[in-house]
Structure formats: structure tokens, C-alpha cells
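Asker: File structure-v3.cif follows (mmCIF, C-alpha atoms):
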```cif
data_run
loop_
_atom_site.group_PDB
_atom_site.id
_atom_site.type_symbol
_atom_site.label_atom_id
_atom_site.label_comp_id
_atom_site.auth_asym_id
_atom_site.auth_seq_id
_atom_site.Cartn_x
_atom_site.Cartn_y
_atom_site.Cartn_z
ATOM 1 C CA ILE N 1 -115.171 -256.876 -117.094
ATOM 2 C CA PRO N 2 -117.907 -259.516 -116.717
ATOM 3 C CA ALA N 3 -121.329 -257.917 -116.277
ATOM 4 C CA ASN N 4 -122.140 -260.251 -113.388
ATOM 5 C CA ASN N 5 -119.108 -259.117 -111.377
ATOM 6 C CA PRO N 6 -120.598 -258.009 -107.990
ATOM 7 C CA TYR N 7 -117.997 -255.251 -107.719
ATOM 8 C CA VAL N 8 -118.979 -253.601 -111.003
ATOM 9 C CA ILE N 9 -121.258 -250.588 -110.628
ATOM 10 C CA ASN N 10 -123.342 -249.551 -113.603
ATOM 11 C CA THR N 11 -122.114 -246.090 -114.621
ATOM 12 C CA ASN N 12 -125.568 -244.790 -115.503
ATOM 13 C CA GLN N 13 -126.960 -246.024 -112.197
ATOM 14 C CA LEU N 14 -124.135 -244.371 -110.291
ATOM 15 C CA LEU N 15 -124.687 -241.021 -112.023
ATOM 16 C CA ASP N 16 -128.401 -241.247 -111.287
ATOM 17 C CA GLU N 17 -127.757 -241.942 -107.607
ATOM 18 C CA LEU N 18 -125.320 -239.023 -107.370
ATOM 19 C CA GLY N 19 -127.916 -236.706 -108.861
ATOM 20 C CA TYR N 20 -125.980 -235.801 -112.006
ATOM 21 C CA ASP N 21 -127.555 -235.037 -115.354
ATOM 22 C CA TYR N 22 -125.575 -236.538 -118.210
ATOM 23 C CA TYR N 23 -125.589 -237.173 -121.921
ATOM 24 C CA LEU N 24 -125.030 -240.725 -123.108
ATOM 25 C CA PHE N 25 -123.383 -241.299 -126.486
ATOM 26 C CA GLU N 26 -122.917 -244.767 -127.923
ATOM 27 C CA THR N 27 -120.687 -245.429 -130.912
ATOM 28 C CA THR N 28 -120.577 -248.571 -132.991
ATOM 29 C CA GLY N 29 -117.326 -250.484 -132.717
ATOM 30 C CA GLN N 30 -115.121 -250.704 -135.800
ATOM 31 C CA LYS N 31 -113.103 -253.717 -136.779
ATOM 32 C CA PRO N 32 -109.516 -252.999 -137.811
ATOM 33 C CA GLU N 33 -108.516 -253.601 -141.409
ATOM 34 C CA TYR N 34 -106.226 -256.588 -141.701
ATOM 35 C CA SER N 35 -103.566 -257.562 -144.197
ATOM 36 C CA SER N 36 -103.511 -261.109 -145.579
ATOM 37 C CA LYS N 37 -100.003 -261.565 -144.178
ATOM 38 C CA ARG N 38 -98.878 -262.618 -140.707
ATOM 39 C CA PHE N 39 -95.726 -261.512 -138.927
ATOM 40 C CA LEU N 40 -94.657 -265.155 -139.205
ATOM 41 C CA ASP N 41 -94.434 -264.695 -142.983
ATOM 42 C CA PHE N 42 -91.769 -262.017 -142.513
ATOM 43 C CA LEU N 43 -90.051 -263.037 -139.261
ATOM 44 C CA PRO N 44 -90.422 -266.822 -138.776
ATOM 45 C CA GLN N 45 -87.862 -266.733 -135.921
ATOM 46 C CA LEU N 46 -90.521 -265.179 -133.687
ATOM 47 C CA ALA N 47 -92.505 -268.411 -133.664
ATOM 48 C CA SER N 48 -89.614 -270.432 -132.215
ATOM 49 C CA SER N 49 -88.889 -267.934 -129.439
ATOM 50 C CA ASP N 50 -89.415 -268.826 -125.775
ATOM 51 C CA SER N 51 -91.281 -265.539 -125.371
ATOM 52 C CA LYS N 52 -95.068 -265.814 -125.321
ATOM 53 C CA ARG N 53 -95.239 -262.258 -126.615
ATOM 54 C CA CYS N 54 -93.094 -263.148 -129.638
ATOM 55 C CA LYS N 55 -95.095 -266.288 -130.363
ATOM 56 C CA SER N 56 -98.313 -264.278 -130.188
ATOM 57 C CA LEU N 57 -96.956 -261.653 -132.567
ATOM 58 C CA ALA N 58 -95.765 -264.321 -134.997
ATOM 59 C CA ASP N 59 -99.272 -265.701 -135.347
ATOM 60 C CA ALA N 60 -100.947 -262.295 -135.649
ATOM 61 C CA ARG N 61 -102.039 -260.874 -138.964
ATOM 62 C CA LEU N 62 -100.684 -257.437 -139.778
ATOM 63 C CA TYR N 63 -103.089 -254.540 -139.655
ATOM 64 C CA LYS N 64 -103.371 -252.822 -143.011
ATOM 65 C CA HIS N 65 -101.673 -249.688 -141.688
ATOM 66 C CA GLN N 66 -98.723 -251.776 -140.467
ATOM 67 C CA GLU N 67 -98.249 -253.280 -143.911
ATOM 68 C CA LEU N 68 -98.533 -249.886 -145.606
ATOM 69 C CA ALA N 69 -96.097 -248.304 -143.124
ATOM 70 C CA TYR N 70 -93.564 -251.052 -143.793
ATOM 71 C CA GLN N 71 -93.893 -250.534 -147.547
ATOM 72 C CA VAL N 72 -93.273 -246.788 -147.180
ATOM 73 C CA LEU N 73 -90.081 -247.354 -145.191
ATOM 74 C CA ALA N 74 -88.919 -250.139 -147.521
ATOM 75 C CA ARG N 75 -89.154 -247.656 -150.416
ATOM 76 C CA GLY N 76 -86.685 -245.441 -148.562
ATOM 77 C CA GLU N 77 -89.200 -242.727 -147.665
ATOM 78 C CA ASN N 78 -89.984 -240.906 -144.445
ATOM 79 C CA LEU N 79 -93.161 -241.941 -142.654
ATOM 80 C CA VAL N 80 -95.868 -240.189 -140.662
ATOM 81 C CA LEU N 81 -97.948 -242.952 -139.073
ATOM 82 C CA LYS N 82 -101.225 -241.868 -137.524
ATOM 83 C CA SER N 83 -103.072 -244.639 -135.744
ATOM 84 C CA GLY N 84 -104.732 -245.161 -132.378
ATOM 85 C CA THR N 85 -103.081 -246.227 -129.148
ATOM 86 C CA GLY N 86 -102.574 -249.976 -129.048
ATOM 87 C CA SER N 87 -102.739 -250.358 -132.831
ATOM 88 C CA GLY N 88 -99.204 -251.695 -133.257
ATOM 89 C CA LYS N 89 -97.358 -248.597 -134.478
ATOM 90 C CA THR N 90 -94.161 -249.854 -132.825
ATOM 91 C CA GLU N 91 -94.299 -253.163 -134.702
ATOM 92 C CA SER N 92 -94.690 -251.252 -137.999
ATOM 93 C CA TRP N 93 -91.207 -249.773 -137.958
ATOM 94 C CA PHE N 94 -89.679 -252.710 -136.085
ATOM 95 C CA LEU N 95 -90.637 -254.984 -138.989
ATOM 96 C CA TYR N 96 -88.643 -252.725 -141.315
ATOM 97 C CA MET N 97 -85.731 -252.602 -138.896
ATOM 98 C CA ALA N 98 -85.598 -256.388 -138.517
ATOM 99 C CA LEU N 99 -86.015 -257.287 -142.184
ATOM 100 C CA HIS N 100 -83.597 -254.696 -143.536
ATOM 101 C CA ARG N 101 -81.188 -254.881 -140.596
ATOM 102 C CA LYS N 102 -81.315 -251.141 -140.013
ATOM 103 C CA LYS N 103 -79.904 -249.593 -136.875
ATOM 104 C CA VAL N 104 -82.605 -247.443 -135.270
ATOM 105 C CA LEU N 105 -82.644 -244.537 -132.839
ATOM 106 C CA ALA N 106 -86.086 -244.357 -131.178
ATOM 107 C CA ILE N 107 -87.123 -241.277 -129.172
ATOM 108 C CA TYR N 108 -89.876 -241.439 -126.545
ATOM 109 C CA PRO N 109 -90.961 -238.528 -124.294
ATOM 110 C CA THR N 110 -89.767 -240.494 -121.244
ATOM 111 C CA LEU N 111 -88.565 -244.053 -120.858
ATOM 112 C CA ALA N 112 -91.081 -244.536 -118.047
ATOM 113 C CA LEU N 113 -93.950 -243.828 -120.450
ATOM 114 C CA ALA N 114 -92.363 -246.157 -122.992
ATOM 115 C CA ASN N 115 -91.910 -249.047 -120.566
ATOM 116 C CA ASP N 116 -94.297 -251.385 -122.392
ATOM 117 C CA GLN N 117 -92.770 -250.607 -125.794
ATOM 118 C CA VAL N 118 -89.246 -251.074 -124.439
ATOM 119 C CA THR N 119 -90.129 -254.473 -122.973
ATOM 120 C CA ARG N 120 -91.717 -255.612 -126.233
ATOM 121 C CA LEU N 121 -88.830 -254.388 -128.348
ATOM 122 C CA ARG N 122 -86.265 -256.112 -126.150
ATOM 123 C CA GLU N 123 -88.101 -259.426 -126.465
ATOM 124 C CA TYR N 124 -88.463 -259.073 -130.230
ATOM 125 C CA CYS N 125 -84.780 -258.211 -130.607
ATOM 126 C CA MET N 126 -83.683 -261.127 -128.435
ATOM 127 C CA ALA N 127 -85.738 -263.533 -130.557
ATOM 128 C CA LEU N 128 -84.079 -262.243 -133.725
ATOM 129 C CA GLY N 129 -80.512 -262.033 -132.454
ATOM 130 C CA LEU N 130 -80.595 -258.246 -132.285
ATOM 131 C CA LYS N 131 -79.583 -255.997 -129.410
ATOM 132 C CA ALA N 132 -81.745 -253.242 -127.895
ATOM 133 C CA LEU N 133 -80.527 -250.704 -125.348
ATOM 134 C CA ALA N 134 -82.677 -248.193 -123.461
ATOM 135 C CA ILE N 135 -80.676 -245.292 -122.067
ATOM 136 C CA ASP N 136 -81.469 -241.919 -120.503
ATOM 137 C CA ALA N 137 -79.308 -239.594 -118.388
ATOM 138 C CA MET N 138 -79.774 -241.626 -115.206
ATOM 139 C CA LYS N 139 -79.119 -244.944 -116.928
ATOM 140 C CA LYS N 140 -76.074 -243.451 -118.635
ATOM 141 C CA SER N 141 -74.596 -242.343 -115.299
ATOM 142 C CA GLU N 142 -75.267 -245.756 -113.751
ATOM 143 C CA MET N 143 -73.629 -247.563 -116.664
ATOM 144 C CA ILE N 144 -70.531 -245.343 -116.643
ATOM 145 C CA LYS N 145 -70.171 -245.701 -112.877
ATOM 146 C CA ARG N 146 -70.497 -249.474 -113.091
ATOM 147 C CA SER N 147 -68.516 -250.252 -116.249
ATOM 148 C CA GLY N 148 -66.602 -247.162 -117.283
ATOM 149 C CA LEU N 149 -67.035 -244.818 -120.242
ATOM 150 C CA ARG N 150 -65.220 -247.062 -122.718
ATOM 151 C CA GLU N 151 -67.478 -250.037 -121.998
ATOM 152 C CA VAL N 152 -70.572 -247.859 -122.347
ATOM 153 C CA ARG N 153 -69.390 -246.654 -125.743
ATOM 154 C CA MET N 154 -68.871 -250.237 -126.843
ATOM 155 C CA GLU N 155 -72.317 -251.195 -125.520
ATOM 156 C CA ILE N 156 -73.955 -248.419 -127.536
ATOM 157 C CA GLU N 157 -72.015 -249.072 -130.726
ATOM 158 C CA SER N 158 -72.784 -252.805 -130.623
ATOM 159 C CA SER N 159 -76.533 -252.161 -130.329
ATOM 160 C CA ASP N 160 -79.020 -252.397 -133.173
ATOM 161 C CA LEU N 161 -81.648 -250.299 -131.435
ATOM 162 C CA ILE N 162 -81.111 -247.377 -129.072
ATOM 163 C CA ILE N 163 -84.161 -246.123 -127.166
ATOM 164 C CA THR N 164 -83.792 -242.768 -125.443
ATOM 165 C CA ASN N 165 -85.564 -239.501 -124.622
ATOM 166 C CA PRO N 166 -85.283 -235.884 -125.880
ATOM 167 C CA ALA N 167 -83.300 -234.747 -122.823
ATOM 168 C CA LEU N 168 -80.376 -237.103 -123.481
ATOM 169 C CA LEU N 169 -80.576 -236.520 -127.222
ATOM 170 C CA LEU N 170 -80.419 -232.734 -126.733
ATOM 171 C CA ASN N 171 -77.302 -233.097 -124.612
ATOM 172 C CA GLU N 172 -75.693 -235.265 -127.292
ATOM 173 C CA VAL N 173 -76.649 -232.879 -130.104
ATOM 174 C CA LYS N 174 -75.115 -229.974 -128.187
ATOM 175 C CA LYS N 175 -71.853 -231.903 -127.848
ATOM 176 C CA ILE N 176 -71.853 -232.792 -131.539
ATOM 177 C CA SER N 177 -72.473 -229.191 -132.595
ATOM 178 C CA LEU N 178 -69.598 -228.024 -130.371
ATOM 179 C CA GLY N 179 -67.241 -230.706 -131.675
ATOM 180 C CA GLN N 180 -67.118 -232.463 -128.320
ATOM 181 C CA SER N 181 -67.105 -236.196 -127.669
ATOM 182 C CA SER N 182 -70.587 -237.724 -127.998
ATOM 183 C CA LEU N 183 -71.748 -241.169 -126.917
ATOM 184 C CA LEU N 184 -74.416 -241.411 -129.623
ATOM 185 C CA LYS N 185 -72.646 -239.873 -132.627
ATOM 186 C CA SER N 186 -71.011 -243.064 -133.875
ATOM 187 C CA PHE N 187 -74.281 -244.999 -133.574
ATOM 188 C CA ILE N 188 -76.259 -242.293 -135.399
ATOM 189 C CA MET N 189 -73.683 -242.244 -138.203
ATOM 190 C CA ARG N 190 -74.451 -245.913 -138.885
ATOM 191 C CA ALA N 191 -78.203 -245.756 -138.224
ATOM 192 C CA GLY N 192 -80.741 -246.023 -141.014
ATOM 193 C CA LEU N 193 -83.858 -244.789 -139.226
ATOM 194 C CA MET N 194 -84.857 -242.381 -136.481
ATOM 195 C CA VAL N 195 -88.284 -242.727 -134.875
ATOM 196 C CA VAL N 196 -90.092 -240.042 -132.867
ATOM 197 C CA ASP N 197 -92.947 -241.690 -130.981
ATOM 198 C CA GLU N 198 -95.840 -240.172 -128.990
ATOM 199 C CA PHE N 199 -95.674 -236.988 -131.084
ATOM 200 C CA ASP N 200 -99.019 -235.919 -129.573
ATOM 201 C CA PHE N 201 -97.352 -235.697 -126.166
ATOM 202 C CA TYR N 202 -95.302 -232.607 -127.041
ATOM 203 C CA GLY N 203 -96.355 -228.973 -126.927
ATOM 204 C CA PRO N 204 -95.404 -226.431 -129.640
ATOM 205 C CA ARG N 205 -92.103 -225.442 -128.022
ATOM 206 C CA SER N 206 -91.037 -229.037 -127.492
ATOM 207 C CA ILE N 207 -91.953 -229.892 -131.091
ATOM 208 C CA ALA N 208 -89.885 -226.960 -132.357
ATOM 209 C CA LEU N 209 -86.932 -228.189 -130.297
ATOM 210 C CA LEU N 210 -87.333 -231.757 -131.534
ATOM 211 C CA LEU N 211 -87.435 -230.655 -135.156
ATOM 212 C CA SER N 212 -84.349 -228.496 -134.609
ATOM 213 C CA MET N 213 -82.511 -231.528 -133.208
ATOM 214 C CA LEU N 214 -83.518 -233.572 -136.245
ATOM 215 C CA ARG N 215 -82.141 -230.863 -138.536
ATOM 216 C CA MET N 216 -78.846 -230.775 -136.645
ATOM 217 C CA ILE N 217 -78.509 -234.557 -136.735
ATOM 218 C CA ILE N 218 -79.197 -234.729 -140.470
ATOM 219 C CA LYS N 219 -76.852 -231.811 -141.204
ATOM 220 C CA LEU N 220 -73.966 -232.741 -138.932
ATOM 221 C CA VAL N 221 -74.079 -236.518 -138.561
ATOM 222 C CA ASN N 222 -76.127 -238.556 -141.045
ATOM 223 C CA SER N 223 -77.811 -237.010 -144.094
ATOM 224 C CA ARG N 224 -79.173 -240.428 -145.192
ATOM 225 C CA LEU N 225 -81.244 -241.001 -142.052
ATOM 226 C CA GLN N 226 -84.905 -241.837 -142.671
ATOM 227 C CA LEU N 227 -87.396 -240.215 -140.281
ATOM 228 C CA THR N 228 -90.590 -241.615 -138.803
ATOM 229 C CA ILE N 229 -93.161 -239.670 -136.785
ATOM 230 C CA MET N 230 -95.732 -241.716 -134.862
ATOM 231 C CA THR N 231 -98.930 -240.190 -133.553
ATOM 232 C CA ALA N 232 -102.361 -241.215 -132.344
ATOM 233 C CA ALA N 233 -104.314 -238.049 -133.106
ATOM 234 C CA LEU N 234 -102.244 -235.527 -135.061
ATOM 235 C CA GLN N 235 -104.588 -233.095 -136.809
ATOM 236 C CA ASN N 236 -102.112 -231.801 -139.398
ATOM 237 C CA PRO N 237 -100.026 -234.773 -140.635
ATOM 238 C CA GLU N 238 -99.586 -233.129 -144.055
ATOM 239 C CA GLU N 239 -97.813 -230.150 -142.469
ATOM 240 C CA VAL N 240 -95.522 -232.412 -140.442
ATOM 241 C CA ALA N 241 -94.766 -234.503 -143.537
ATOM 242 C CA LYS N 242 -93.750 -231.354 -145.426
ATOM 243 C CA ILE N 243 -91.479 -230.267 -142.572
ATOM 244 C CA ILE N 244 -89.579 -233.545 -142.277
ATOM 245 C CA THR N 245 -89.161 -233.769 -146.056
ATOM 246 C CA GLY N 246 -87.545 -230.359 -145.796
ATOM 247 C CA ILE N 247 -85.173 -231.715 -143.158
ATOM 248 C CA ASN N 248 -83.665 -234.645 -145.079
ATOM 249 C CA SER N 249 -84.986 -234.131 -148.647
ATOM 250 C CA LEU N 250 -86.674 -237.553 -148.713
ATOM 251 C CA SER N 251 -90.271 -238.041 -149.812
ATOM 252 C CA THR N 252 -92.659 -238.475 -146.887
ATOM 253 C CA SER N 253 -95.808 -240.603 -146.969
ATOM 254 C CA ILE N 254 -98.678 -240.467 -144.490
ATOM 255 C CA VAL N 255 -100.300 -243.704 -143.348
ATOM 256 C CA ASP N 256 -103.591 -243.203 -141.541
ATOM 257 C CA GLY N 257 -104.819 -246.275 -139.680
ATOM 258 C CA LYS N 258 -108.542 -246.465 -139.112
ATOM 259 C CA PRO N 259 -109.563 -246.070 -135.457
ATOM 260 C CA PHE N 260 -110.838 -249.175 -133.701
#
```
Written as C-alpha cells, that's how I'd like the structure from this file.

Answerer:
Amino acid sequence: IPANNPYVINTNQLLDELGYDYYLFETTGQKPEYSSKRFLDFLPQLASSDSKRCKSLADARLYKHQELAYQVLARGENLVLKSGTGSGKTESWFLYMALHRKKVLAIYPTLALANDQVTRLREYCMALGLKALAIDAMKKSEMIKRSGLREVRMEIESSDLIITNPALLLNEVKKISLGQSSLLKSFIMRAGLMVVDEFDFYGPRSIALLLSMLRMIIKLVNSRLQLTIMTAALQNPEEVAKIITGINSLSTSIVDGKPF
């Protein structure tokens, strides 16, 4: 915000006027580490898109952690990506998805929280001729009511990217384990990658449930599925890496992006 904005109140001045004592800490800003490559070098179609967002991404240089994350996934490994909010974690796995034409199941705590990521992913997919579908329990009910169950199944199976939340996934995993009809099973069977984003959001019980769902999916549906955990501030990435390697027997690498 411009310093000369008449509506901006100096924080220190405000605290003084309110009579608060306070400690002031100032930290030096850090510049992110960049790769020498641009997204344009990998996905030139982005530059010819009508989307300003896609054009902007095309011209952007990759952060070093994005390049390293892509390399991990391209080697066929699992990934734990730890990097700050706004550091392009979503674009890291999307680059792999787009270049290797992998179907992806992405799990966010809620679709409302993931609104910005969903919008970005839809635009990227449209520019590349891919199809993204965001679906939770409410959206599922609306789609079935409007188009019928058969059409919804076709919509899901024709997608390259499915974005959902743990609640819908749990319901689908229960159906799979009981041998009942599942909307997502066919898609998961053909998927190459499953992404769990905002891992910091979950408490211990929710994490235990998520990991149990991953085990069930790998055991019952797709043993070849790569796993990616994305986090902004996970304190024990090595422990999580060990756990997910135990789930699908693939090596897991940790990429730690510098904060900026």
C-alpha cells in the first residue's frame, strides 16, 4: 500500500496511541531461488492462450523448488513439497501432469479454501486442451439431479484432473471397500498421481484418516499411484516421507523451498 495513502495508519503510531507496549521485529526479505527455465520452455501453449493468467505463467521463470519437484515426479517418485504459501506449489505438480499427460486426483480440505487454485487449474487445463472437474458432495448431487448419474460418470471419466475434498473421497473409499458402485473408482484406476494439498490444515486425527484412505486406495484400486504431499510449514517432512513410501513402496523425496 502506498505510504502516502491518507487512509493508511502507521501501526507503531496506532499502538502508541492505544497505550500498548510492543516488541518490534524486522526481518530482511529473501529473494526466491529461480531456475534458468521458464514455463514457456515446457508448455509453449500457455503463451498463446486468451487467459492473462496463462500468459503470465508462460513468461515466468520456475522457482528452484518447482523445478526440483518436477524432477522428483518425473523420476516416478513420491514427493513431499514444503514451501511457503503463494510459492507455486500447485504449478509444480501441474507441470508434471501436463507434460506427462497424467490423470490426477487432487485433495483439498474444502473446495471453498481451494477456490483460487481451482480457478488457476481450470484455466491452465483449458489452455492445454485438458479437462478439470471440481466436485464435492453438494456439486455431485447438483450434477446428478441436472444430468443423471450416467452423465456424471462420463463427465468424471473424461476428466484429466479431479479436484475434491476428504469428505467425498471418504464416501467413495467406503463404497470401494464394500464392493459398491463408486463414481471415482474408474478414474483412480487410470490416474497416475494423487495430490494432498494444505497438509498443515489437518489435525492428527484427520491426518490418520487421510493416510488410511491413501492405503485403501493403493491396496484396492491403483498400486502404481504416485503420491504428493504439499505443505507450507510441516515440521517433520522426513516422517511423512517414510509413511507414504510405506503406503505404495515408491521412493519419496523431500523438496524444501526457501521461504520468501

Asker: Apply the PyMOL selection byres ((chain N and resi 125-127) around 8) to the structure shown and report the selected residues as a PyMOL selection string.

Answerer: chain N and resi 45-46+49+51+54+121-124+128-132

Asker: Please write the residues from the selection above to a file, keeping C-alpha atoms, as an mmCIF file, in the coordinates of the input.

Answerer:
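Final output, selection01.cif:
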```cif
data_model
loop_
_atom_site.group_PDB
_atom_site.id
_atom_site.type_symbol
_atom_site.label_atom_id
_atom_site.label_comp_id
_atom_site.auth_asym_id
_atom_site.auth_seq_id
_atom_site.Cartn_x
_atom_site.Cartn_y
_atom_site.Cartn_z
ATOM 1 C CA GLN N 45 -87.862 -266.733 -135.921
ATOM 2 C CA LEU N 46 -90.521 -265.179 -133.687
ATOM 3 C CA SER N 49 -88.889 -267.934 -129.439
ATOM 4 C CA SER N 51 -91.281 -265.539 -125.371
ATOM 5 C CA CYS N 54 -93.094 -263.148 -129.638
ATOM 6 C CA LEU N 121 -88.830 -254.388 -128.348
ATOM 7 C CA ARG N 122 -86.265 -256.112 -126.150
ATOM 8 C CA GLU N 123 -88.101 -259.426 -126.465
ATOM 9 C CA TYR N 124 -88.463 -259.073 -130.230
ATOM 10 C CA LEU N 128 -84.079 -262.243 -133.725
ATOM 11 C CA GLY N 129 -80.512 -262.033 -132.454
ATOM 12 C CA LEU N 130 -80.595 -258.246 -132.285
ATOM 13 C CA LYS N 131 -79.583 -255.997 -129.410
ATOM 14 C CA ALA N 132 -81.745 -253.242 -127.895
#
```

Asker: Using the chain letters and numbering of this document, enumerate as a CSV table (one decimal) with C-alpha atoms, in the coordinates of the input the residues selected by the PyMOL selection byres ((chain N and resi 101) around 12).

Answerer:
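Output below, filename out38.csv:
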```csv
chain,number,residue,atom,x,y,z
N,74,ALA,CA,-88.9,-250.1,-147.5
N,93,TRP,CA,-91.2,-249.8,-138.0
N,94,PHE,CA,-89.7,-252.7,-136.1
N,95,LEU,CA,-90.6,-255.0,-139.0
N,96,TYR,CA,-88.6,-252.7,-141.3
N,97,MET,CA,-85.7,-252.6,-138.9
N,98,ALA,CA,-85.6,-256.4,-138.5
N,99,LEU,CA,-86.0,-257.3,-142.2
N,100,HIS,CA,-83.6,-254.7,-143.5
N,102,LYS,CA,-81.3,-251.1,-140.0
N,103,LYS,CA,-79.9,-249.6,-136.9
N,104,VAL,CA,-82.6,-247.4,-135.3
N,125,CYS,CA,-84.8,-258.2,-130.6
N,128,LEU,CA,-84.1,-262.2,-133.7
N,129,GLY,CA,-80.5,-262.0,-132.5
N,130,LEU,CA,-80.6,-258.2,-132.3
N,131,LYS,CA,-79.6,-256.0,-129.4
N,159,SER,CA,-76.5,-252.2,-130.3
N,160,ASP,CA,-79.0,-252.4,-133.2
N,161,LEU,CA,-81.6,-250.3,-131.4
N,190,ARG,CA,-74.5,-245.9,-138.9
N,191,ALA,CA,-78.2,-245.8,-138.2
N,192,GLY,CA,-80.7,-246.0,-141.0
N,193,LEU,CA,-83.9,-244.8,-139.2
```

Asker: Which of these, N:Leu209, N:Ile107, N:Ile144, N:Leu149, has the shortest distance to Ile163 of chain N once you count all atoms listed in the file?

Answerer: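 Distance minimum relative to Ile163 of chain N lands on N:Ile107.
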
Asker: Can you pull out the residues contacting Pro109 of chain N? Cut-off 8 Å, using all atoms listed in the file, and skip same-chain residues under 3 positions away; I want them as a CSV table (one decimal) with C-alpha atoms, in the coordinates of the input.

Answerer:
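Everything below was put into around-v5.csv:
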```csv
chain,number,residue,atom,x,y,z
N,113,LEU,CA,-94.0,-243.8,-120.4
N,114,ALA,CA,-92.4,-246.2,-123.0
N,165,ASN,CA,-85.6,-239.5,-124.6
N,166,PRO,CA,-85.3,-235.9,-125.9
N,197,ASP,CA,-92.9,-241.7,-131.0
N,198,GLU,CA,-95.8,-240.2,-129.0
N,201,PHE,CA,-97.4,-235.7,-126.2
N,202,TYR,CA,-95.3,-232.6,-127.0
```

Asker: So what do you get for atom CA of Gln117 of chain N versus atom CA of Phe39 of chain N, distance-wise?

Answerer: 17.3 Å

Asker: Do a neighbour search on Lys175 of chain N at 12 Å with all atoms listed in the file, toss out local chain neighbours closer than 5 positions, and write the hits as a PyMOL selection string.

Answerer: chain N and resi 168-170+180-185+213+216-217+220-221

Asker: For the provided coordinates, the residues matched by the PyMOL selection byres ((chain N and resi 67) around 10) should be stated as a list in words.

Answerer: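 What the PyMOL selection byres ((chain N and resi 67) around 10) grabs from the file is Tyr34, Ser35, Ser36, Lys37, Arg38, Phe39, Arg61, Leu62, Tyr63, Lys64, His65, Gln66, Leu68, Ala69, Tyr70, Gln71, Val72, Ser92, Trp93, Leu95, Tyr96 and Val255 of chain N.
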
Asker: With distances taken over all atoms listed in the file, which residue among N:Ser251, N:Phe199, N:Ile243, N:Ser212 lies nearest Thr85 of chain N?

Answerer: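 Result for the nearest residue to Thr85 of chain N: N:Phe199.
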
Asker: Skipping near chain neighbours, those fewer than 4 positions away, what residues fall within 12 Å of Asp116 of chain N using only C-alpha atoms, listed as a list in words?

Answerer: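 These residues fall inside the cut-off: Arg53, Gly86, Gly88, Thr90, Tyr108, Thr110, Leu111, Ala112, Arg120, Leu121, Arg122 and Glu123 of chain N.
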
Asker: Excluding same-chain residues fewer than 2 positions from Val80 of chain N, what lies within 7 Å of it counting all atoms listed in the file, as a ChimeraX atom specification?

Answerer: /N:82,228-230,237,241,253-255

Asker: Taking (-113.8, -249.0, -140.1) as a centre in this file's frame and 6 Å as the limit, can you find every polymer residue with an atom that close, using all atoms listed in the file, and give them as a PDB file with C-alpha atoms, keeping the file's coordinate frame?

Answerer:
```
ATOM      1  CA  GLN N  30    -115.121-250.704-135.800  1.00  0.00           C
ATOM      2  CA  LYS N  31    -113.103-253.717-136.779  1.00  0.00           C
ATOM      3  CA  LYS N 258    -108.542-246.465-139.112  1.00  0.00           C
TER       4      LYS N 258
END
```

Asker: Select, from N:Met138, N:Ser56, N:Lys242, N:Leu234, the residue with the minimum atom-to-atom distance to Gly203 of chain N, counting all atoms listed in the file.

Answerer: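 Among the listed residues, N:Leu234 lies closest to Gly203 of chain N.
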